[in-house]
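Asks: Take this structure, written in structure tokens, and hold onto it; I'll ask about it next.
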Amino acid sequence: MLVKKFIHTLLLSIAISISSLAQSNLTGTVTDAENGNPLIGANVVIKELQRGISTNPEGKFEFENIEPGDYILIASFIGYHNKKVKLRIEDENSQVEIKMIPSAVEMERVIITATKTERKIEDLPGQNEVLEKEEIESFPATSSDYLLQGIANVNVNRSWGIFSKNASVTMRGLDAAQGVLILYNGVPLNKTAGGAINWHMISPDRIERIEVIKGPGSALYGNNAMGGVINIITKKSDQPISGDVRFMGGSYATLGGKFDLEGNQKIKGKNLYWGLSGFYRQGDGYVIEPKDVRDSTDVEVYLRENKVGASLGYEFNDKNKIEVEYSYYDDKRGDGRQVYLDDGGYVKYTTNFVRTKYNGELGKIKIEVDGYLQHENYYQFSESVNQDGNYRISKRDQVSLDYGIWANATGKFGKKNWLTFGFDLKQGYMDASEIYITSTDTLDRDGKVQFYAAYLQDEQRFFNDKLKIIAGLRFDYARFYDGSIYVATPTSNTGFEEPVSETYGTSNWTALSPKLAIQYEIIPEIKSYVSASSGFMPPKLDDLISTRKVSTGFKKANPDLQPQTLTNYELGFNTRPFKKAQFKIAGYYSIGKDFHYFVETGREVDGRREIFRDNIAKIDIIGTELFFQYNFTNNLIFKTNYTYNHSTIKEFDLSGSEGDDITGNKIAEVPPHQAFAGVFWNNKFINSTFVANYVGEMYENEENTIMVEDYLTVDIRLSRMLTRKIFFALDIQNIFDNVYIDKKERLSPGRFILVELAYKF
Amino acid sequence: MHGDMKNKAYRIKIFRVIQFLMITSVFLLTACEEDDSQEYPDPTINLVSDPDYISSDAIVAVGQTFKIGIHAEWNEQNRLTNFIAFQNGERYIDLGIYKEEYDREIEITKGLEDTDEWEFMIRDYAGQWSSVSLTITKNPNIEYGEILEFDDIRLGAQNSAEYGSFFSFGSGNVYTLQEAFSNQEIVNLVYYYDGFDNFEENIIASPGANISGAFTGDYGISNWTTLYTIRYSAETLDVSADDFDSASNDSILLAHAFAFESGKRKAKYLEEGYIFSFVTEDNRAGMFKVESVDGTDAGNIVVDIKVQK
């Protein structure tokens, strides 16, 4: 028996040894075909084995234990054409050298968001931009909205850096209240309650690409797409297993960690891809109040935040796949004021987000169906001493829920004709309660909105694709219902004169959003376009149902508020004056109607003027944007842009209400001048990025009596793969420590340094 | 085989890392939740029993000042956050606090109402509360004092050529600056207009209110040797014109009197219909009502005045 066991063990050992001996290693180098320089961080995948690896700082890679056979090796790297290499691996170790041919980066870029069909960016009329993964990784970004600073005509306001409770992103001369539609993997993130999105939920490290469509896009996207549309697309693994663990630390005692783990397995020839990610970040922050107005209650704006997320996708075949994603986000950010309580005042977002996606084909028609649900709990805890010396604690607990389904179908009918059509259903809900701890006030308000929309878009090409026409039309219907407000035992803290128990009636509105865009190729290097498009912003639930004290008066709800609309006329040229350069210019004129502004009722409540938002203003915007990029090499790129916006209030109809006529005033919080310049230089020693961002002076208030001064910030990022698996980055935002005062008359953090160390596998 | 085992071990490690991270995440996300299901007693509040304080139902004369002492304590769990004093259901004091114990002395002057229901409430962080109350009844057996009444007294601003700016309770006359200089021993009250910094301030004050800048020259107030002083309420009173007009004794004046030191030197931003109370340096209570005002530095004001004899 013992002998038999020994023989079995021996045979097994021999088999293992033979098996081991029959495997070999594959080593190689990836270089630039033009100058022979090694390419660092290029991806190399053995297609049949689904094994992938990145090149080290010498451009080398190594696969261990590969069975003999025929394989296809695929190398990819930003700025280069993908390279496929067929090779046969024998019993001995093999070597291969892959020479990659540079591509003209911009010409290769494709964009999906503009038409809901994959198109080369140059084939579309308009000033659209795409940020690819490698560019995203080269920015010294501490939040995902930072990445948009380099896009022409996008105004990002995050004046307290990572300590801002949120960022506002606007486009094309509109102010922060007249936002932009933000899509996350194709589903909207803008909340019905207030229109804003929580940028902290999206980690920059998880972003694969960002597509930016400028100008009104409501013909396809409806709600919120008045200034433009931004679609953030996250990473999807094409390797069996990969990931990273990151640690970071920096200014204001900022510490954090992240993990990403993702994979792609073939199960019976079908792809199953998945991802797990999470992050934690904390920081002690800084005092935002300017020194000359500080008192003993002004303290640092600290932060603590974390997120976990998971995604799963399954490809039935080349044409059909499903995806599901879930994430949980939670934070706590100090508001800079503390009297007695340990944490002082703070805000806290807790968000659960789920999305599903189905992609399929029905004959010639490509179908995409997206479902989403976003449940957010916004908690605001305030602690302060007011001007009269009265101590106050209050808490606001606001739940918002948005969920919907978006179905889209695109088909090619005829040789040069594509039709896109779809429908979009959404439900928005908000329930807010405010409780005052230091007085008896209690406020509750809630309401719901349903949206229904259908759209149709036709894209045609003529004269050997020299003339391209896109026409679209979308109809939106929305219904506001179940709105109510309840106020118990009010005092001067909330300003109500007596208890309130009121139910609002149902109201509804419609919007018709057309678009016509024509592009003509004058010569292959110069393409011109004209377009007319419209966009709209629905009234925010908060404005429909919330009666409360605000800084400018006593705000009364207006359940009859209608959407704001904007029509844009645009002329532009996208050119490639020579091989390595790209120059784009556009001029536009936008007319806005029914814009929301505060007006007065003529009453006073608790010594404050009673105000409400109304569809009262017509505005116009005359603007231009210029973009220039020069690729000295694929590793040395210079980008710059400049934006001018002249945004004014053209009419202010005060009939039926009271207040100051602000006709002729500039739109507040819109800088007429903005500029950006960036140098992105990767070499064998270090990858470096230098970006400068200028935001011109602007008015802080609608009355145009207070100016916010202009400011310039210069940021850098230095990064490098220290070994094949260890990555190091140094980010310095605002390197010249230019502490500016923002529109809320608070200080920016000044120079902010962050060091990151990552282990990639 | 060796490679597969290595890969397998590697994957196990990875999954252990994930497991650790997920468990840690769940722990971190749930660790901060507090168990707030436990019930705690209400905070306590009591009236202080002390010879200086009223601590139970009492009868008080109109205009008489009395004190109430309050002592409140937390429930050892949630701090006290709100103290409210209600007078006949209306908030008299509503204060945010953050304390384990709260002591307060409230000084009250009995008004004209027959009874005042006083309720004192303490609330804590969790919204739990307690209250105590007492009733103060007006003493019906008190005889009120006589008053001087002056109707439609027109006073000119400092540059008025028509009307004098100064008034004497003793003589009942209006004086120009020069006349007032000669009668400074009996001049009690003065009107002037301050248009500085675009604030249109119609002001009634007294010679002792540090207003020499409005009246200069040889007869200017800085050259006066007697400066009579009156202190005024900080703002217009919640008293109706009818109540003011019908007052024939000093009960309403006493009901709105205050300690001389706590008054303001000037009654500012005067508008038609405003009623201010005042206390003179010899401790006489009074009130005036603005009948009309023409607010320029050469304008004038018409007032009705009532003051204790």
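Within each chain, counting starts at residue 1; across the structure tokens, chains are named A, B, ... in the order shown, with ligands numbered 1 upward in that order.
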Can you pull out every residue within 10 Å of Ile151 of chain A, counting only C-alpha atoms, but drop anything in the same chain fewer than 3 positions away, and send it as a PDB file with all heavy atoms, in the first residue's frame?
Replies:
ATOM      1  N   ASN A 128     -17.382  69.889 -29.428  1.00  0.00           N
ATOM      2  CA  ASN A 128     -17.426  68.786 -28.483  1.00  0.00           C
ATOM      3  C   ASN A 128     -16.008  68.397 -28.090  1.00  0.00           C
ATOM      4  O   ASN A 128     -15.073  68.558 -28.869  1.00  0.00           O
ATOM      5  CB  ASN A 128     -18.143  67.594 -29.103  1.00  0.00           C
ATOM      6  CG  ASN A 128     -19.506  67.997 -29.640  1.00  0.00           C
ATOM      7  OD1 ASN A 128     -20.228  68.724 -28.969  1.00  0.00           O
ATOM      8  ND2 ASN A 128     -19.830  67.575 -30.840  1.00  0.00           N
ATOM      9  N   GLU A 129     -15.845  67.914 -26.883  1.00  0.00           N
ATOM     10  CA  GLU A 129     -14.502  67.511 -26.446  1.00  0.00           C
ATOM     11  C   GLU A 129     -14.578  66.188 -25.710  1.00  0.00           C
ATOM     12  O   GLU A 129     -15.591  65.868 -25.070  1.00  0.00           O
ATOM     13  CB  GLU A 129     -13.881  68.580 -25.540  1.00  0.00           C
ATOM     14  CG  GLU A 129     -13.493  69.843 -26.297  1.00  0.00           C
ATOM     15  CD  GLU A 129     -12.679  70.803 -25.454  1.00  0.00           C
ATOM     16  OE1 GLU A 129     -11.754  70.363 -24.755  1.00  0.00           O
ATOM     17  OE2 GLU A 129     -13.000  72.006 -25.498  1.00  0.00           O
ATOM     18  N   VAL A 130     -13.475  65.452 -25.788  1.00  0.00           N
ATOM     19  CA  VAL A 130     -13.377  64.174 -25.088  1.00  0.00           C
ATOM     20  C   VAL A 130     -12.076  64.148 -24.294  1.00  0.00           C
ATOM     21  O   VAL A 130     -11.026  64.529 -24.800  1.00  0.00           O
ATOM     22  CB  VAL A 130     -13.390  62.990 -26.088  1.00  0.00           C
ATOM     23  CG1 VAL A 130     -13.130  61.677 -25.364  1.00  0.00           C
ATOM     24  CG2 VAL A 130     -14.716  62.929 -26.818  1.00  0.00           C
ATOM     25  N   LEU A 131     -12.177  63.742 -23.060  1.00  0.00           N
ATOM     26  CA  LEU A 131     -10.962  63.506 -22.266  1.00  0.00           C
ATOM     27  C   LEU A 131     -10.787  62.002 -22.132  1.00  0.00           C
ATOM     28  O   LEU A 131     -11.687  61.309 -21.650  1.00  0.00           O
ATOM     29  CB  LEU A 131     -11.117  64.108 -20.859  1.00  0.00           C
ATOM     30  CG  LEU A 131     -10.906  65.591 -20.682  1.00  0.00           C
ATOM     31  CD1 LEU A 131     -11.152  65.967 -19.228  1.00  0.00           C
ATOM     32  CD2 LEU A 131      -9.502  66.002 -21.077  1.00  0.00           C
ATOM     33  N   LEU A 147     -11.361  67.850 -13.505  1.00  0.00           N
ATOM     34  CA  LEU A 147     -10.941  67.460 -14.857  1.00  0.00           C
ATOM     35  C   LEU A 147     -11.587  68.344 -15.916  1.00  0.00           C
ATOM     36  O   LEU A 147     -11.071  68.465 -17.023  1.00  0.00           O
ATOM     37  CB  LEU A 147     -11.336  66.000 -15.105  1.00  0.00           C
ATOM     38  CG  LEU A 147     -10.703  64.996 -14.137  1.00  0.00           C
ATOM     39  CD1 LEU A 147     -11.426  63.667 -14.207  1.00  0.00           C
ATOM     40  CD2 LEU A 147      -9.229  64.837 -14.442  1.00  0.00           C
ATOM     41  N   LEU A 148     -12.699  68.970 -15.559  1.00  0.00           N
ATOM     42  CA  LEU A 148     -13.426  69.771 -16.542  1.00  0.00           C
ATOM     43  C   LEU A 148     -12.863  71.179 -16.685  1.00  0.00           C
ATOM     44  O   LEU A 148     -13.254  71.925 -17.575  1.00  0.00           O
ATOM     45  CB  LEU A 148     -14.907  69.844 -16.151  1.00  0.00           C
ATOM     46  CG  LEU A 148     -15.598  68.471 -16.059  1.00  0.00           C
ATOM     47  CD1 LEU A 148     -16.919  68.582 -15.334  1.00  0.00           C
ATOM     48  CD2 LEU A 148     -15.805  67.899 -17.454  1.00  0.00           C
ATOM     49  N   VAL A 154     -16.160  75.769 -19.965  1.00  0.00           N
ATOM     50  CA  VAL A 154     -16.757  75.119 -18.794  1.00  0.00           C
ATOM     51  C   VAL A 154     -16.239  75.853 -17.566  1.00  0.00           C
ATOM     52  O   VAL A 154     -15.035  76.052 -17.418  1.00  0.00           O
ATOM     53  CB  VAL A 154     -16.388  73.626 -18.712  1.00  0.00           C
ATOM     54  CG1 VAL A 154     -16.923  73.015 -17.420  1.00  0.00           C
ATOM     55  CG2 VAL A 154     -16.947  72.882 -19.912  1.00  0.00           C
ATOM     56  N   ASN A 155     -17.149  76.286 -16.725  1.00  0.00           N
ATOM     57  CA  ASN A 155     -16.771  77.050 -15.531  1.00  0.00           C
ATOM     58  C   ASN A 155     -16.989  76.177 -14.292  1.00  0.00           C
ATOM     59  O   ASN A 155     -18.119  75.866 -13.946  1.00  0.00           O
ATOM     60  CB  ASN A 155     -17.621  78.316 -15.463  1.00  0.00           C
ATOM     61  CG  ASN A 155     -17.288  79.170 -14.251  1.00  0.00           C
ATOM     62  OD1 ASN A 155     -16.237  78.990 -13.626  1.00  0.00           O
ATOM     63  ND2 ASN A 155     -18.179  80.071 -13.912  1.00  0.00           N
ATOM     64  N   VAL A 156     -15.887  75.772 -13.686  1.00  0.00           N
ATOM     65  CA  VAL A 156     -15.966  74.915 -12.495  1.00  0.00           C
ATOM     66  C   VAL A 156     -15.687  75.772 -11.269  1.00  0.00           C
ATOM     67  O   VAL A 156     -14.667  76.449 -11.198  1.00  0.00           O
ATOM     68  CB  VAL A 156     -14.939  73.768 -12.566  1.00  0.00           C
ATOM     69  CG1 VAL A 156     -15.028  72.898 -11.307  1.00  0.00           C
ATOM     70  CG2 VAL A 156     -15.155  72.925 -13.798  1.00  0.00           C
ATOM     71  N   MET A 171     -21.736  76.086 -18.051  1.00  0.00           N
ATOM     72  CA  MET A 171     -21.187  76.196 -19.401  1.00  0.00           C
ATOM     73  C   MET A 171     -21.806  77.376 -20.135  1.00  0.00           C
ATOM     74  O   MET A 171     -22.930  77.774 -19.842  1.00  0.00           O
ATOM     75  CB  MET A 171     -21.579  74.958 -20.199  1.00  0.00           C
ATOM     76  CG  MET A 171     -20.720  73.767 -20.029  1.00  0.00           C
ATOM     77  SD  MET A 171     -21.373  72.586 -21.213  1.00  0.00           S
ATOM     78  CE  MET A 171     -20.417  71.221 -20.873  1.00  0.00           C
ATOM     79  N   VAL A 212     -17.884  65.761 -23.559  1.00  0.00           N
ATOM     80  CA  VAL A 212     -18.501  67.055 -23.261  1.00  0.00           C
ATOM     81  C   VAL A 212     -19.159  67.609 -24.531  1.00  0.00           C
ATOM     82  O   VAL A 212     -18.495  67.775 -25.559  1.00  0.00           O
ATOM     83  CB  VAL A 212     -17.455  68.061 -22.735  1.00  0.00           C
ATOM     84  CG1 VAL A 212     -18.114  69.393 -22.396  1.00  0.00           C
ATOM     85  CG2 VAL A 212     -16.744  67.503 -21.516  1.00  0.00           C
ATOM     86  N   LYS A 214     -21.179  70.816 -25.881  1.00  0.00           N
ATOM     87  CA  LYS A 214     -21.444  72.196 -25.462  1.00  0.00           C
ATOM     88  C   LYS A 214     -22.649  72.791 -26.172  1.00  0.00           C
ATOM     89  O   LYS A 214     -22.894  72.497 -27.336  1.00  0.00           O
ATOM     90  CB  LYS A 214     -20.207  73.041 -25.738  1.00  0.00           C
ATOM     91  CG  LYS A 214     -19.040  72.627 -24.871  1.00  0.00           C
ATOM     92  CD  LYS A 214     -17.840  73.429 -25.231  1.00  0.00           C
ATOM     93  CE  LYS A 214     -16.593  72.668 -24.873  1.00  0.00           C
ATOM     94  NZ  LYS A 214     -15.417  73.275 -25.469  1.00  0.00           N
ATOM     95  N   PHE A 627      -9.939  77.216 -29.111  1.00  0.00           N
ATOM     96  CA  PHE A 627      -9.201  76.066 -28.584  1.00  0.00           C
ATOM     97  C   PHE A 627      -8.011  75.814 -29.502  1.00  0.00           C
ATOM     98  O   PHE A 627      -8.141  75.826 -30.728  1.00  0.00           O
ATOM     99  CB  PHE A 627     -10.124  74.841 -28.565  1.00  0.00           C
ATOM    100  CG  PHE A 627      -9.413  73.548 -28.284  1.00  0.00           C
ATOM    101  CD1 PHE A 627      -9.265  73.097 -26.985  1.00  0.00           C
ATOM    102  CD2 PHE A 627      -8.886  72.773 -29.322  1.00  0.00           C
ATOM    103  CE1 PHE A 627      -8.611  71.896 -26.719  1.00  0.00           C
ATOM    104  CE2 PHE A 627      -8.231  71.587 -29.068  1.00  0.00           C
ATOM    105  CZ  PHE A 627      -8.094  71.145 -27.761  1.00  0.00           C
ATOM    106  N   LYS A 639      -1.849  72.508 -24.756  1.00  0.00           N
ATOM    107  CA  LYS A 639      -3.270  72.800 -24.986  1.00  0.00           C
ATOM    108  C   LYS A 639      -3.592  74.147 -24.402  1.00  0.00           C
ATOM    109  O   LYS A 639      -3.104  74.473 -23.310  1.00  0.00           O
ATOM    110  CB  LYS A 639      -4.134  71.790 -24.223  1.00  0.00           C
ATOM    111  CG  LYS A 639      -4.608  70.601 -24.963  1.00  0.00           C
ATOM    112  CD  LYS A 639      -5.566  69.843 -24.049  1.00  0.00           C
ATOM    113  CE  LYS A 639      -6.070  68.595 -24.730  1.00  0.00           C
ATOM    114  NZ  LYS A 639      -7.045  67.892 -23.901  1.00  0.00           N
ATOM    115  N   THR A 640      -4.423  74.901 -25.071  1.00  0.00           N
ATOM    116  CA  THR A 640      -4.866  76.158 -24.472  1.00  0.00           C
ATOM    117  C   THR A 640      -6.272  76.494 -24.973  1.00  0.00           C
ATOM    118  O   THR A 640      -6.677  76.042 -26.052  1.00  0.00           O
ATOM    119  CB  THR A 640      -3.874  77.305 -24.768  1.00  0.00           C
ATOM    120  OG1 THR A 640      -4.280  78.471 -24.043  1.00  0.00           O
ATOM    121  CG2 THR A 640      -3.830  77.644 -26.252  1.00  0.00           C
ATOM    122  N   ASN A 641      -6.992  77.247 -24.198  1.00  0.00           N
ATOM    123  CA  ASN A 641      -8.281  77.733 -24.672  1.00  0.00           C
ATOM    124  C   ASN A 641      -8.621  79.059 -24.011  1.00  0.00           C
ATOM    125  O   ASN A 641      -8.069  79.401 -22.957  1.00  0.00           O
ATOM    126  CB  ASN A 641      -9.390  76.692 -24.456  1.00  0.00           C
ATOM    127  CG  ASN A 641      -9.688  76.440 -22.997  1.00  0.00           C
ATOM    128  OD1 ASN A 641     -10.054  77.353 -22.269  1.00  0.00           O
ATOM    129  ND2 ASN A 641      -9.511  75.190 -22.560  1.00  0.00           N
ATOM    130  N   TYR A 642      -9.499  79.780 -24.667  1.00  0.00           N
ATOM    131  CA  TYR A 642      -9.962  81.065 -24.142  1.00  0.00           C
ATOM    132  C   TYR A 642     -11.465  81.170 -24.411  1.00  0.00           C
ATOM    133  O   TYR A 642     -11.956  80.759 -25.456  1.00  0.00           O
ATOM    134  CB  TYR A 642      -9.237  82.239 -24.821  1.00  0.00           C
ATOM    135  CG  TYR A 642      -9.903  83.569 -24.537  1.00  0.00           C
ATOM    136  CD1 TYR A 642      -9.756  84.185 -23.307  1.00  0.00           C
ATOM    137  CD2 TYR A 642     -10.724  84.173 -25.494  1.00  0.00           C
ATOM    138  CE1 TYR A 642     -10.410  85.387 -23.027  1.00  0.00           C
ATOM    139  CE2 TYR A 642     -11.366  85.374 -25.228  1.00  0.00           C
ATOM    140  CZ  TYR A 642     -11.206  85.973 -23.985  1.00  0.00           C
ATOM    141  OH  TYR A 642     -11.855  87.149 -23.707  1.00  0.00           O
ATOM    142  N   ALA A 675      -9.614  81.466 -19.202  1.00  0.00           N
ATOM    143  CA  ALA A 675      -8.550  80.930 -20.050  1.00  0.00           C
ATOM    144  C   ALA A 675      -7.891  79.745 -19.357  1.00  0.00           C
ATOM    145  O   ALA A 675      -7.890  79.650 -18.123  1.00  0.00           O
ATOM    146  CB  ALA A 675      -7.514  82.010 -20.351  1.00  0.00           C
ATOM    147  N   PHE A 676      -7.332  78.873 -20.162  1.00  0.00           N
ATOM    148  CA  PHE A 676      -6.667  77.682 -19.637  1.00  0.00           C
ATOM    149  C   PHE A 676      -5.466  77.386 -20.520  1.00  0.00           C
ATOM    150  O   PHE A 676      -5.505  77.558 -21.736  1.00  0.00           O
ATOM    151  CB  PHE A 676      -7.636  76.493 -19.660  1.00  0.00           C
ATOM    152  CG  PHE A 676      -6.960  75.164 -19.404  1.00  0.00           C
ATOM    153  CD1 PHE A 676      -6.784  74.705 -18.107  1.00  0.00           C
ATOM    154  CD2 PHE A 676      -6.500  74.374 -20.457  1.00  0.00           C
ATOM    155  CE1 PHE A 676      -6.158  73.486 -17.863  1.00  0.00           C
ATOM    156  CE2 PHE A 676      -5.873  73.164 -20.223  1.00  0.00           C
ATOM    157  CZ  PHE A 676      -5.706  72.717 -18.922  1.00  0.00           C
TER     158      PHE A 676
END
Asks: Write out as JSON, numbers by chain which residues come within 6 Å of Leu148 of chain B when counting only C-alpha atoms, dropping same-chain ones fewer than 5 positions away.
Replies: {"B": [306, 307, 309]}
Asks: Residues of chain A within 9 Å of chain B, counting only C-alpha atoms - could you list those as JSON, numbers by chain?
Replies: {"A": [16, 17, 19, 20, 64, 65, 66, 241, 259, 261, 276, 278, 306, 307, 308, 330, 340, 341, 390, 391, 392, 393, 437, 438, 439, 440, 491]}
Asks: I want to know what sits within 7 Å of segment 475-488 of chain A, based on only C-alpha atoms, with residues of the same chain fewer than 4 positions away left out; could you give that as JSON, numbers by chain?
Replies: {"A": [222, 441, 442, 443, 444, 445, 446, 447, 448, 449, 450, 451, 452, 453, 454, 455, 499, 500, 501, 502, 503, 504, 505, 506, 507, 508, 509, 510, 511, 512, 513, 545]}
Asks: I need the residue nearest Gly472 of chain A from this list: A:Asn224, A:Ser534, A:Asn185, A:Gln519. Use only C-alpha atoms for the distance.
Replies: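 The shortest atom-to-atom distance to Gly472 of chain A comes from A:Ser534.
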Asks: For segment 37-49 of chain A, please output as a PyMOL selection string all residues within 6 Å (counting only C-alpha atoms; exclusion window: fewer than 2 positions along the same chain).
Replies: chain A and resi 30-32+35+51-59+72-77
Asks: Now that the selection is made, can you save its residues with C-alpha atoms as a CSV table (one decimal), in the first residue's frame?
Replies:
chain,number,residue,atom,x,y,z
A,30,VAL,CA,7.4,48.2,-26.5
A,31,THR,CA,8.9,51.2,-28.3
A,32,ASP,CA,7.9,54.2,-30.4
A,35,ASN,CA,12.2,57.4,-32.5
A,51,ARG,CA,-3.7,37.9,-19.7
A,52,GLY,CA,-2.5,41.5,-19.6
A,53,ILE,CA,0.4,43.5,-18.3
A,54,SER,CA,1.8,47.1,-18.4
A,55,THR,CA,5.3,47.9,-19.5
A,56,ASN,CA,7.8,49.1,-16.9
A,57,PRO,CA,9.9,52.3,-17.0
A,58,GLU,CA,12.2,50.7,-19.6
A,59,GLY,CA,9.2,49.8,-21.8
A,72,ILE,CA,-2.0,37.1,-30.8
A,73,LEU,CA,-0.4,39.8,-28.7
A,74,ILE,CA,-2.2,43.2,-28.6
A,75,ALA,CA,-0.4,46.3,-27.5
A,76,SER,CA,-2.2,49.6,-26.9
A,77,PHE,CA,-1.1,53.0,-25.7
Asks: Excluding same-chain residues fewer than 4 positions from Gln64 of chain B, what lies within 12 Å of it counting only C-alpha atoms, as a ChimeraX atom specification?
Replies: /B:59-60,107-112,136-139,142,144,251-259
Asks: Find the spatial neighbours of segment 171-182 of chain B, counting only C-alpha atoms, within a cut-off of 12 Å - ignore same-chain residues fewer than 4 positions away - and output them as number ranges by chain.
Replies: B: 148-167, 186-192, 206-207, 212, 214-228, 302-307
Asks: Going by DSSP on the backbone, which residues of segment 491-569 of chain A come out as helix (DSSP H, G or I)? List them as a list in words.
Replies: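 Listing helix (DSSP H, G or I) positions across segment 491-569 of chain A yields Leu541, Asp542, Asp543, Leu544 and Ile545 of chain A.
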Asks: With N, CA, C and O atoms kept, could you save the residues just selected as a CSV table (one decimal), in the first residue's frame?
Replies:
chain,number,residue,atom,x,y,z
A,541,LEU,N,-37.6,71.3,-7.5
A,541,LEU,CA,-38.6,71.0,-6.5
A,541,LEU,C,-38.5,71.9,-5.3
A,541,LEU,O,-39.5,72.3,-4.7
A,542,ASP,N,-37.3,72.2,-5.0
A,542,ASP,CA,-37.1,73.1,-3.8
A,542,ASP,C,-37.8,74.5,-4.0
A,542,ASP,O,-38.3,75.0,-3.1
A,543,ASP,N,-37.7,75.0,-5.3
A,543,ASP,CA,-38.4,76.3,-5.5
A,543,ASP,C,-39.9,76.1,-5.6
A,543,ASP,O,-40.7,77.0,-5.3
A,544,LEU,N,-40.4,74.9,-5.9
A,544,LEU,CA,-41.8,74.7,-6.0
A,544,LEU,C,-42.5,74.5,-4.7
A,544,LEU,O,-43.6,74.9,-4.5
A,545,ILE,N,-41.7,74.0,-3.7
A,545,ILE,CA,-42.4,73.7,-2.4
A,545,ILE,C,-41.8,74.4,-1.2
A,545,ILE,O,-42.4,74.3,-0.1
Asks: Give me the residues near Gly257 of chain A as a list in words, where near means some atom within 10 Å (using only C-alpha atoms) and where sequence neighbours in that chain fewer than 2 positions away do not count.
Replies: Val245, Arg246, Phe247, Met248, Gly249, Leu255, Phe259, Gly278, Phe279, Tyr280, Arg281, Gln282, Asn306, Glu756, Leu757 and Ala758 of chain A
Asks: Write down as number ranges by chain the residues of segment 20-123 of chain A whose backbone DSSP state falls under strand (DSSP E).
Replies: A: 24-32, 43-46, 51-54, 60-66, 69-76, 83-89, 94-100, 110-111, 119-120
Asks: Separation of atom CA of Ile365 of chain A and atom CA of Gly186 of chain A, in Å?
Replies: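 Calculated distance between atom CA of Ile365 of chain A and atom CA of Gly186 of chain A is 18.5 Å.
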Asks: So how many Å separate atom CA of Thr234 of chain A and atom CA of Leu183 of chain A, to one decimal?
Replies: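 So the answer is 11.1 Å.
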